[in-house]
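Enquirer: Contents of data34.cif (mmCIF, C-alpha atoms) are below:
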```cif
data_protein
loop_
_atom_site.group_PDB
_atom_site.id
_atom_site.type_symbol
_atom_site.label_atom_id
_atom_site.label_comp_id
_atom_site.auth_asym_id
_atom_site.auth_seq_id
_atom_site.Cartn_x
_atom_site.Cartn_y
_atom_site.Cartn_z
ATOM 1 C CA MET A 1 0.844 -21.320 28.670
ATOM 2 C CA ALA A 2 2.993 -24.137 30.028
ATOM 3 C CA ALA A 3 0.508 -24.425 32.892
ATOM 4 C CA ILE A 4 -2.292 -25.109 30.402
ATOM 5 C CA PHE A 5 -0.468 -27.188 27.798
ATOM 6 C CA ASN A 6 2.210 -29.822 28.323
ATOM 7 C CA LEU A 7 5.182 -28.384 26.422
ATOM 8 C CA ASN A 8 7.662 -31.005 27.604
ATOM 9 C CA HIS A 9 7.861 -32.984 24.364
ATOM 10 C CA HIS A 10 9.267 -32.730 20.852
ATOM 11 C CA PRO A 11 7.450 -30.198 18.632
ATOM 12 C CA SER A 12 4.918 -31.517 16.104
ATOM 13 C CA TYR A 13 5.315 -30.694 12.427
ATOM 14 C CA VAL A 14 3.147 -30.910 9.333
ATOM 15 C CA HIS A 15 5.284 -32.276 6.509
ATOM 16 C CA TRP A 16 4.073 -32.313 2.912
ATOM 17 C CA HIS A 17 6.674 -32.760 0.144
ATOM 18 C CA PHE A 18 9.183 -29.913 0.641
ATOM 19 C CA PHE A 19 6.760 -28.009 2.855
ATOM 20 C CA GLN A 20 7.331 -28.208 6.603
ATOM 21 C CA LEU A 21 5.461 -26.193 9.198
ATOM 22 C CA SER A 22 5.134 -26.520 12.966
ATOM 23 C CA VAL A 23 1.628 -27.265 14.209
ATOM 24 C CA SER A 24 1.758 -24.194 16.470
ATOM 25 C CA ASN A 25 2.509 -21.932 13.488
ATOM 26 C CA LEU A 26 -0.221 -23.643 11.474
ATOM 27 C CA VAL A 27 -2.723 -22.985 14.295
ATOM 28 C CA VAL A 28 -1.795 -19.268 14.329
ATOM 29 C CA ILE A 29 -2.144 -19.009 10.521
ATOM 30 C CA VAL A 30 -5.546 -20.747 10.570
ATOM 31 C CA LEU A 31 -6.649 -18.431 13.395
ATOM 32 C CA MET A 32 -5.599 -15.371 11.356
ATOM 33 C CA ILE A 33 -7.598 -16.609 8.354
ATOM 34 C CA VAL A 34 -10.646 -17.242 10.581
ATOM 35 C CA VAL A 35 -10.417 -13.760 12.142
ATOM 36 C CA PHE A 36 -9.929 -12.185 8.685
ATOM 37 C CA ILE A 37 -13.052 -13.878 7.275
ATOM 38 C CA ALA A 38 -15.031 -13.053 10.442
ATOM 39 C CA ALA A 39 -14.004 -9.386 10.196
ATOM 40 C CA ILE A 40 -15.447 -9.243 6.680
ATOM 41 C CA LEU A 41 -18.663 -11.171 7.373
ATOM 42 C CA ILE A 42 -19.704 -10.009 10.860
ATOM 43 C CA PRO A 43 -21.709 -6.772 10.656
ATOM 44 C CA PHE A 44 -20.213 -3.780 12.432
ATOM 45 C CA PRO A 45 -22.501 -2.281 15.099
ATOM 46 C CA SER A 46 -23.600 1.102 13.805
ATOM 47 C CA ARG A 47 -25.614 3.924 15.362
ATOM 48 C CA ARG A 48 -28.340 3.318 12.810
ATOM 49 C CA ALA A 49 -28.606 -0.328 13.843
ATOM 50 C CA THR A 50 -29.031 0.636 17.497
ATOM 51 C CA GLY A 51 -31.606 3.305 16.688
ATOM 52 C CA GLY A 52 -29.297 6.189 17.565
ATOM 53 C CA ARG A 53 -29.461 7.696 14.103
ATOM 54 C CA SER A 54 -31.980 7.341 11.300
ATOM 55 C CA MET B 1 14.584 45.796 17.074
ATOM 56 C CA SER B 2 12.107 45.780 14.186
ATOM 57 C CA VAL B 3 10.100 42.772 13.156
ATOM 58 C CA SER B 4 11.459 41.391 9.904
ATOM 59 C CA GLU B 5 9.041 41.078 6.999
ATOM 60 C CA GLU B 6 11.222 38.406 5.425
ATOM 61 C CA ARG B 7 9.794 34.897 5.358
ATOM 62 C CA SER B 8 11.581 32.504 7.655
ATOM 63 C CA TRP B 9 12.034 28.754 7.149
ATOM 64 C CA THR B 10 9.817 28.078 10.177
ATOM 65 C CA ALA B 11 6.921 29.947 8.552
ATOM 66 C CA ALA B 12 7.481 28.092 5.286
ATOM 67 C CA VAL B 13 7.480 24.697 7.060
ATOM 68 C CA ARG B 14 4.369 25.637 9.047
ATOM 69 C CA GLU B 15 2.463 26.773 5.988
ATOM 70 C CA ARG B 16 3.417 23.666 4.076
ATOM 71 C CA ALA B 17 2.485 21.365 6.996
ATOM 72 C CA VAL B 18 -0.864 23.070 7.618
ATOM 73 C CA GLY B 19 -1.537 23.130 3.875
ATOM 74 C CA ALA B 20 -0.949 19.362 3.591
ATOM 75 C CA LEU B 21 -2.677 18.470 6.850
ATOM 76 C CA PRO B 22 -5.134 21.100 8.110
ATOM 77 C CA PRO B 23 -6.346 20.423 11.701
ATOM 78 C CA ASP B 24 -9.719 18.976 10.634
ATOM 79 C CA LYS B 25 -7.882 16.498 8.386
ATOM 80 C CA LEU B 26 -5.200 15.697 10.963
ATOM 81 C CA LEU B 27 -7.718 14.962 13.733
ATOM 82 C CA PRO B 28 -11.021 14.203 11.993
ATOM 83 C CA ASP B 29 -14.199 13.527 13.961
ATOM 84 C CA LYS B 30 -15.979 11.794 11.082
ATOM 85 C CA GLN B 31 -15.108 8.967 8.736
ATOM 86 C CA PRO B 32 -16.867 7.749 5.574
ATOM 87 C CA SER B 33 -19.659 5.231 6.180
ATOM 88 C CA TYR B 34 -17.686 2.389 4.560
ATOM 89 C CA VAL B 35 -15.211 2.537 7.462
ATOM 90 C CA ALA B 36 -17.956 0.978 9.641
ATOM 91 C CA SER B 37 -16.593 -2.544 9.135
ATOM 92 C CA TRP B 38 -14.519 -4.797 11.411
ATOM 93 C CA ILE B 39 -11.836 -5.102 8.729
ATOM 94 C CA TYR B 40 -10.984 -1.410 9.275
ATOM 95 C CA VAL B 41 -10.198 -1.858 12.991
ATOM 96 C CA PHE B 42 -6.994 -3.851 12.494
ATOM 97 C CA GLY B 43 -4.902 -0.755 11.805
ATOM 98 C CA VAL B 44 -5.780 0.789 15.146
ATOM 99 C CA LEU B 45 -5.384 -2.618 16.843
ATOM 100 C CA SER B 46 -1.825 -2.726 15.453
ATOM 101 C CA LEU B 47 -1.196 0.747 16.882
ATOM 102 C CA SER B 48 -2.623 -0.273 20.275
ATOM 103 C CA SER B 49 -0.402 -3.365 20.361
ATOM 104 C CA LEU B 50 2.610 -1.236 19.430
ATOM 105 C CA ALA B 51 1.841 1.134 22.320
ATOM 106 C CA VAL B 52 1.749 -1.822 24.775
ATOM 107 C CA ILE B 53 5.014 -3.158 23.283
ATOM 108 C CA ILE B 54 6.778 0.186 23.764
ATOM 109 C CA LEU B 55 5.400 0.665 27.272
ATOM 110 C CA SER B 56 6.220 -2.869 28.524
ATOM 111 C CA GLY B 57 9.612 -2.757 26.762
ATOM 112 C CA THR B 58 10.436 0.538 28.472
ATOM 113 C CA ILE B 59 9.675 -1.004 31.873
ATOM 114 C CA LEU B 60 11.816 -4.080 31.044
ATOM 115 C CA ALA B 61 14.712 -1.841 29.930
ATOM 116 C CA LEU B 62 14.481 0.180 33.134
ATOM 117 C CA LYS B 63 14.485 -2.860 35.413
ATOM 118 C CA GLY B 64 16.953 -5.167 33.614
ATOM 119 C CA PRO B 65 17.427 -8.930 33.064
ATOM 120 C CA GLY B 66 17.739 -9.835 36.753
ATOM 121 C CA TRP B 67 14.240 -8.438 37.261
ATOM 122 C CA TRP B 68 12.536 -9.941 34.222
ATOM 123 C CA HIS B 69 14.038 -13.406 34.855
ATOM 124 C CA PHE B 70 13.822 -13.798 38.636
ATOM 125 C CA THR B 71 10.792 -11.875 39.954
ATOM 126 C CA GLY B 72 7.093 -12.583 39.574
ATOM 127 C CA ILE B 73 6.243 -9.069 38.392
ATOM 128 C CA GLY B 74 9.234 -9.241 36.033
ATOM 129 C CA HIS B 75 7.861 -12.460 34.501
ATOM 130 C CA PHE B 76 4.502 -10.724 34.135
ATOM 131 C CA PHE B 77 5.913 -7.762 32.176
ATOM 132 C CA ASN B 78 8.154 -10.097 30.178
ATOM 133 C CA SER B 79 5.029 -12.025 29.146
ATOM 134 C CA ILE B 80 3.078 -8.818 28.428
ATOM 135 C CA HIS B 81 5.936 -7.754 26.129
ATOM 136 C CA LEU B 82 6.042 -11.126 24.328
ATOM 137 C CA TRP B 83 2.283 -11.481 23.852
ATOM 138 C CA SER B 84 1.805 -7.866 22.737
ATOM 139 C CA VAL B 85 4.385 -8.575 20.020
ATOM 140 C CA GLU B 86 2.502 -11.760 19.047
ATOM 141 C CA LEU B 87 -0.729 -9.755 18.904
ATOM 142 C CA PHE B 88 0.970 -6.933 16.970
ATOM 143 C CA PHE B 89 2.044 -9.287 14.188
ATOM 144 C CA PHE B 90 -1.285 -11.165 14.270
ATOM 145 C CA VAL B 91 -3.395 -8.025 13.719
ATOM 146 C CA MET B 92 -0.823 -6.355 11.443
ATOM 147 C CA VAL B 93 -0.933 -9.335 9.052
ATOM 148 C CA ILE B 94 -4.758 -9.199 8.958
ATOM 149 C CA HIS B 95 -4.505 -5.417 8.372
ATOM 150 C CA LEU B 96 -2.083 -6.141 5.512
ATOM 151 C CA TRP B 97 -4.406 -8.780 3.993
ATOM 152 C CA GLY B 98 -7.380 -6.435 4.236
ATOM 153 C CA LYS B 99 -5.532 -3.568 2.561
ATOM 154 C CA TYR B 100 -4.085 -5.883 -0.093
ATOM 155 C CA PHE B 101 -7.526 -7.116 -1.164
ATOM 156 C CA MET B 102 -8.839 -3.515 -1.072
ATOM 157 C CA ALA B 103 -5.897 -2.500 -3.310
ATOM 158 C CA ALA B 104 -5.229 0.249 -0.768
ATOM 159 C CA TRP B 105 -2.627 1.881 -3.021
ATOM 160 C CA ARG B 106 -5.434 3.274 -5.225
ATOM 161 C CA GLY B 107 -6.188 6.993 -5.424
ATOM 162 C CA GLY B 108 -2.653 8.295 -4.900
ATOM 163 C CA ARG B 109 -2.113 6.156 -1.771
ATOM 164 C CA LYS B 110 1.069 4.506 -3.053
ATOM 165 C CA ALA B 111 3.185 5.995 -0.249
ATOM 166 C CA VAL B 112 0.678 4.768 2.370
ATOM 167 C CA TRP B 113 1.047 1.198 1.088
ATOM 168 C CA ILE B 114 4.853 1.462 0.855
ATOM 169 C CA THR B 115 5.286 2.859 4.384
ATOM 170 C CA GLY B 116 3.012 0.101 5.735
ATOM 171 C CA SER B 117 5.051 -2.566 3.961
ATOM 172 C CA ILE B 118 8.344 -1.102 5.215
ATOM 173 C CA THR B 119 6.960 -1.013 8.771
ATOM 174 C CA PHE B 120 6.208 -4.739 8.505
ATOM 175 C CA LEU B 121 9.681 -5.511 7.142
ATOM 176 C CA VAL B 122 11.481 -3.425 9.810
ATOM 177 C CA ALA B 123 9.312 -4.874 12.600
ATOM 178 C CA ILE B 124 10.548 -8.407 11.810
ATOM 179 C CA PRO B 125 14.247 -7.848 12.741
ATOM 180 C CA CYS B 126 13.017 -5.654 15.592
ATOM 181 C CA ALA B 127 11.244 -8.710 17.020
ATOM 182 C CA LEU B 128 14.021 -11.168 16.136
ATOM 183 C CA THR B 129 16.673 -9.112 17.955
ATOM 184 C CA GLY B 130 14.400 -9.453 20.995
ATOM 185 C CA TYR B 131 14.896 -13.230 20.932
ATOM 186 C CA VAL B 132 18.663 -12.794 21.210
ATOM 187 C CA SER B 133 18.356 -10.093 23.901
ATOM 188 C CA GLN B 134 16.637 -12.296 26.479
ATOM 189 C CA GLN B 135 19.858 -13.171 28.367
ATOM 190 C CA ASN B 136 19.076 -16.884 28.719
ATOM 191 C CA PHE B 137 19.909 -20.231 27.053
ATOM 192 C CA ASP B 138 17.113 -19.668 24.526
ATOM 193 C CA ALA B 139 18.824 -16.466 23.360
ATOM 194 C CA GLN B 140 22.216 -18.211 23.316
ATOM 195 C CA TRP B 141 20.874 -21.074 21.174
ATOM 196 C CA ILE B 142 19.072 -18.753 18.737
ATOM 197 C CA SER B 143 22.042 -16.393 18.336
ATOM 198 C CA THR B 144 24.545 -19.207 17.672
ATOM 199 C CA GLN B 145 22.212 -20.694 15.039
ATOM 200 C CA ALA B 146 21.215 -17.390 13.431
ATOM 201 C CA LYS B 147 24.788 -16.068 13.144
ATOM 202 C CA ASP B 148 25.402 -18.712 10.464
ATOM 203 C CA ALA B 149 22.579 -17.237 8.390
ATOM 204 C CA MET B 150 24.091 -13.757 8.733
ATOM 205 C CA ASN B 151 27.542 -15.038 7.760
ATOM 206 C CA ALA B 152 26.130 -17.007 4.822
ATOM 207 C CA ALA B 153 24.440 -13.809 3.618
ATOM 208 C CA GLY B 154 27.758 -11.928 3.926
ATOM 209 C CA ILE B 155 26.513 -9.460 6.523
ATOM 210 C CA GLY B 156 27.966 -11.118 9.621
ATOM 211 C CA SER B 157 30.521 -8.337 10.076
ATOM 212 C CA PHE B 158 27.723 -5.760 10.293
ATOM 213 C CA PHE B 159 25.221 -7.790 12.324
ATOM 214 C CA ASN B 160 27.086 -9.894 14.886
ATOM 215 C CA LEU B 161 24.394 -11.897 16.651
ATOM 216 C CA LEU B 162 26.851 -13.045 19.313
ATOM 217 C CA ASN B 163 27.418 -9.412 20.323
ATOM 218 C CA PHE B 164 24.758 -8.868 22.969
ATOM 219 C CA GLY B 165 25.402 -5.122 23.223
ATOM 220 C CA GLN B 166 24.878 -4.636 19.493
ATOM 221 C CA MET B 167 21.718 -6.771 19.384
ATOM 222 C CA TYR B 168 20.270 -5.104 22.493
ATOM 223 C CA SER B 169 20.921 -1.636 21.011
ATOM 224 C CA TYR B 170 19.194 -2.682 17.803
ATOM 225 C CA HIS B 171 16.285 -4.116 19.776
ATOM 226 C CA ILE B 172 15.578 -1.314 22.233
ATOM 227 C CA LEU B 173 16.687 1.776 20.284
ATOM 228 C CA LEU B 174 17.502 1.669 16.583
ATOM 229 C CA LEU B 175 14.796 -0.633 15.210
ATOM 230 C CA PRO B 176 11.937 0.516 17.521
ATOM 231 C CA ALA B 177 12.781 4.143 16.673
ATOM 232 C CA ALA B 178 12.622 3.222 12.967
ATOM 233 C CA VAL B 179 9.289 1.381 13.405
ATOM 234 C CA VAL B 180 7.712 4.253 15.374
ATOM 235 C CA ALA B 181 9.010 6.873 12.915
ATOM 236 C CA ILE B 182 7.678 4.992 9.879
ATOM 237 C CA VAL B 183 4.351 4.330 11.640
ATOM 238 C CA ILE B 184 3.983 8.075 12.360
ATOM 239 C CA GLY B 185 4.654 8.788 8.684
ATOM 240 C CA HIS B 186 2.160 6.060 7.713
ATOM 241 C CA ILE B 187 -0.582 7.573 9.917
ATOM 242 C CA LEU B 188 0.053 11.108 8.621
ATOM 243 C CA LEU B 189 -0.213 9.800 5.053
ATOM 244 C CA VAL B 190 -3.493 8.029 5.908
ATOM 245 C CA ARG B 191 -4.785 11.307 7.358
ATOM 246 C CA LYS B 192 -3.678 13.197 4.247
ATOM 247 C CA HIS B 193 -5.169 10.817 1.673
ATOM 248 C CA GLY B 194 -8.067 9.412 3.712
ATOM 249 C CA VAL B 195 -9.091 5.778 4.126
ATOM 250 C CA VAL B 196 -9.215 3.917 0.826
ATOM 251 C CA PRO B 197 -12.832 3.505 -0.401
ATOM 252 C CA PRO B 198 -14.205 0.087 -1.402
ATOM 253 C CA PHE B 199 -14.383 -0.920 -5.055
ATOM 254 C CA LYS B 200 -17.402 0.454 -6.871
ATOM 255 C CA VAL B 201 -20.170 -2.127 -7.246
ATOM 256 C CA PRO B 202 -22.104 -2.104 -10.573
ATOM 257 C CA ALA B 203 -25.303 -0.092 -10.090
ATOM 258 C CA ALA B 204 -27.558 -2.944 -11.270
ATOM 259 C CA THR B 205 -26.406 -5.185 -8.421
ATOM 260 C CA SER B 206 -26.056 -2.582 -5.710
ATOM 261 C CA GLN B 207 -29.038 -1.958 -3.455
ATOM 262 C CA ALA B 208 -27.261 1.065 -2.004
ATOM 263 C CA SER B 209 -26.786 2.559 -5.443
ATOM 264 C CA ARG B 210 -30.448 1.952 -6.298
ATOM 265 C CA ASP B 211 -31.390 3.817 -3.125
ATOM 266 C CA GLY B 212 -29.053 6.651 -4.046
ATOM 267 C CA ALA B 213 -26.897 6.090 -0.960
ATOM 268 C CA GLY B 214 -23.616 4.660 -2.225
ATOM 269 C CA PRO B 215 -20.712 4.063 0.131
ATOM 270 C CA GLU B 216 -19.082 7.391 -0.610
ATOM 271 C CA ALA B 217 -22.332 9.399 -0.433
ATOM 272 C CA GLU B 218 -22.911 9.008 3.281
ATOM 273 C CA GLU B 219 -20.835 9.950 6.258
ATOM 274 C CA SER B 220 -21.204 8.718 9.800
ATOM 275 C CA ALA B 221 -19.569 9.646 13.062
ATOM 276 C CA SER B 222 -16.449 7.616 13.774
#
```
Using the file provided, produce a representation of the structure as structure tokens.
Expert:
Amino acid sequence: MAAIFNLNHHPSYVHWHFFQLSVSNLVVIVLMIVVFIAAILIPFPSRRATGGRS
Amino acid sequence: MSVSEERSWTAAVRERAVGALPPDKLLPDKQPSYVASWIYVFGVLSLSSLAVIILSGTILALKGPGWWHFTGIGHFFNSIHLWSVELFFFVMVIHLWGKYFMAAWRGGRKAVWITGSITFLVAIPCALTGYVSQQNFDAQWISTQAKDAMNAAGIGSFFNLLNFGQMYSYHILLLPAAVVAIVIGHILLVRKHGVVPPFKVPAATSQASRDGAGPEAEESAS
């Protein structure tokens, strides 16, 4: 990862009142929410959809 | 020597085990149609990640710190171990969210929910002891910071984060054994009770119900 991103700096934080969260953790949480919503909305490929079973 | 007609404890255990989990329930070849959704794959993704964690961790334990710090292939397996743990928690949290919003404890599945929750809670110290088992300055920094939390909680005499041998034993034996054992119990309970069905949709708004093919009426191959 260090080859892709420059990690040689102080970490970035989101600070809101008492709430403090590193940007990297925030990215992971947002990704989890995106994957969770996608898993619910994206249709699962079924045999019926591919014509294998009717 | 005559064959005894008395019932033995092995027969009693076998009968009870087969009664609770007959072979077709233990290794089913069909699942209800509602399982055909992406949200149901995160359980098996968690299991797959756990298998990679155990496998890569076994290789790291066999080869030792000199290998995982100073060789290219050692770095590779070290990274595989780290990222499979990241993936394990990523998919396990989505699995947890999915089951929470399905209220997966319904229909006598309380123990399934509880074993899943305990797995999550035990997996956290299992991962954290890995940070202090790295044998580098990162591990040294983390252990000297985290020991204060243990001491503040009054459990520093039981969990000494500066004791590498203790932390390494927790990381590669005690906690993984607990996680794997609870996961096995969790899977057996899922097999016994079946996958939790979705909430019933009112008939007036359900096209499937109007067609007479509700989610629990149809079965498809898994």
Enquirer: Evaluate the PyMOL selection byres ((chain A) within 10 of (chain B)) on the structure here and hand back the selected residues as JSON, numbers by chain.
Expert: {"A": [28, 29, 31, 32, 33, 35, 36, 37, 38, 39, 40, 41, 42, 43, 44, 45, 46, 47, 48, 53]}
Enquirer: Write out the residues from the selection above, keeping C-alpha atoms, as an mmCIF file, keeping the file's coordinate frame.
Expert:
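Resulting contents of part29.cif:
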```cif
data_model
loop_
_atom_site.group_PDB
_atom_site.id
_atom_site.type_symbol
_atom_site.label_atom_id
_atom_site.label_comp_id
_atom_site.auth_asym_id
_atom_site.auth_seq_id
_atom_site.Cartn_x
_atom_site.Cartn_y
_atom_site.Cartn_z
ATOM 1 C CA VAL A 28 -1.795 -19.268 14.329
ATOM 2 C CA ILE A 29 -2.144 -19.009 10.521
ATOM 3 C CA LEU A 31 -6.649 -18.431 13.395
ATOM 4 C CA MET A 32 -5.599 -15.371 11.356
ATOM 5 C CA ILE A 33 -7.598 -16.609 8.354
ATOM 6 C CA VAL A 35 -10.417 -13.760 12.142
ATOM 7 C CA PHE A 36 -9.929 -12.185 8.685
ATOM 8 C CA ILE A 37 -13.052 -13.878 7.275
ATOM 9 C CA ALA A 38 -15.031 -13.053 10.442
ATOM 10 C CA ALA A 39 -14.004 -9.386 10.196
ATOM 11 C CA ILE A 40 -15.447 -9.243 6.680
ATOM 12 C CA LEU A 41 -18.663 -11.171 7.373
ATOM 13 C CA ILE A 42 -19.704 -10.009 10.860
ATOM 14 C CA PRO A 43 -21.709 -6.772 10.656
ATOM 15 C CA PHE A 44 -20.213 -3.780 12.432
ATOM 16 C CA PRO A 45 -22.501 -2.281 15.099
ATOM 17 C CA SER A 46 -23.600 1.102 13.805
ATOM 18 C CA ARG A 47 -25.614 3.924 15.362
ATOM 19 C CA ARG A 48 -28.340 3.318 12.810
ATOM 20 C CA ARG A 53 -29.461 7.696 14.103
#
```
Enquirer: Can you list, as an NGL selection string, every protein, DNA or RNA residue that comes within 9 Å of Ser22 in chain A when you count all atoms listed in the file, leaving out same-chain residues fewer than 4 positions away?
Expert: :A and (11-15 or 26-27)
Enquirer: Could you give me, as a ChimeraX atom specification, the residues within 10 Å of His81 in chain B, counting all atoms listed in the file and dropping anything in the same chain fewer than 4 positions from it?
Expert: /B:49-50,52-60,75-77,85-86
Enquirer: Work out how far CA of Arg109 in chain B is from CA of Leu189 in chain B, in Å to one decimal.
Expert: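 CA of Arg109 in chain B lies 8.0 Å from CA of Leu189 in chain B.
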Enquirer: Measure the distance from CA of Val183 in chain B to CA of Leu47 in chain B in Å and round it to one decimal.
Expert: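 Value for the CA of Val183 in chain B-CA of Leu47 in chain B distance: 8.4 Å.
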Enquirer: Smallest atom-to-atom distance to His193 in chain B: which of B:Lys110, B:Gly72, B:Ser79, B:Met102, using all atoms listed in the file?
Expert: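 Nearest to His193 in chain B: B:Lys110.
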Enquirer: Provide the CA of Leu82 in chain B to CA of Ser157 in chain B distance in Å, to one decimal place.
Expert: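 So the answer is 28.5 Å.
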Enquirer: Which is closer to Pro198 in chain B than all the others in B:Ala149, B:Ile80, B:Leu173, B:Ala104, using only C-alpha atoms?
Expert: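 Result for the nearest residue to Pro198 in chain B: B:Ala104.
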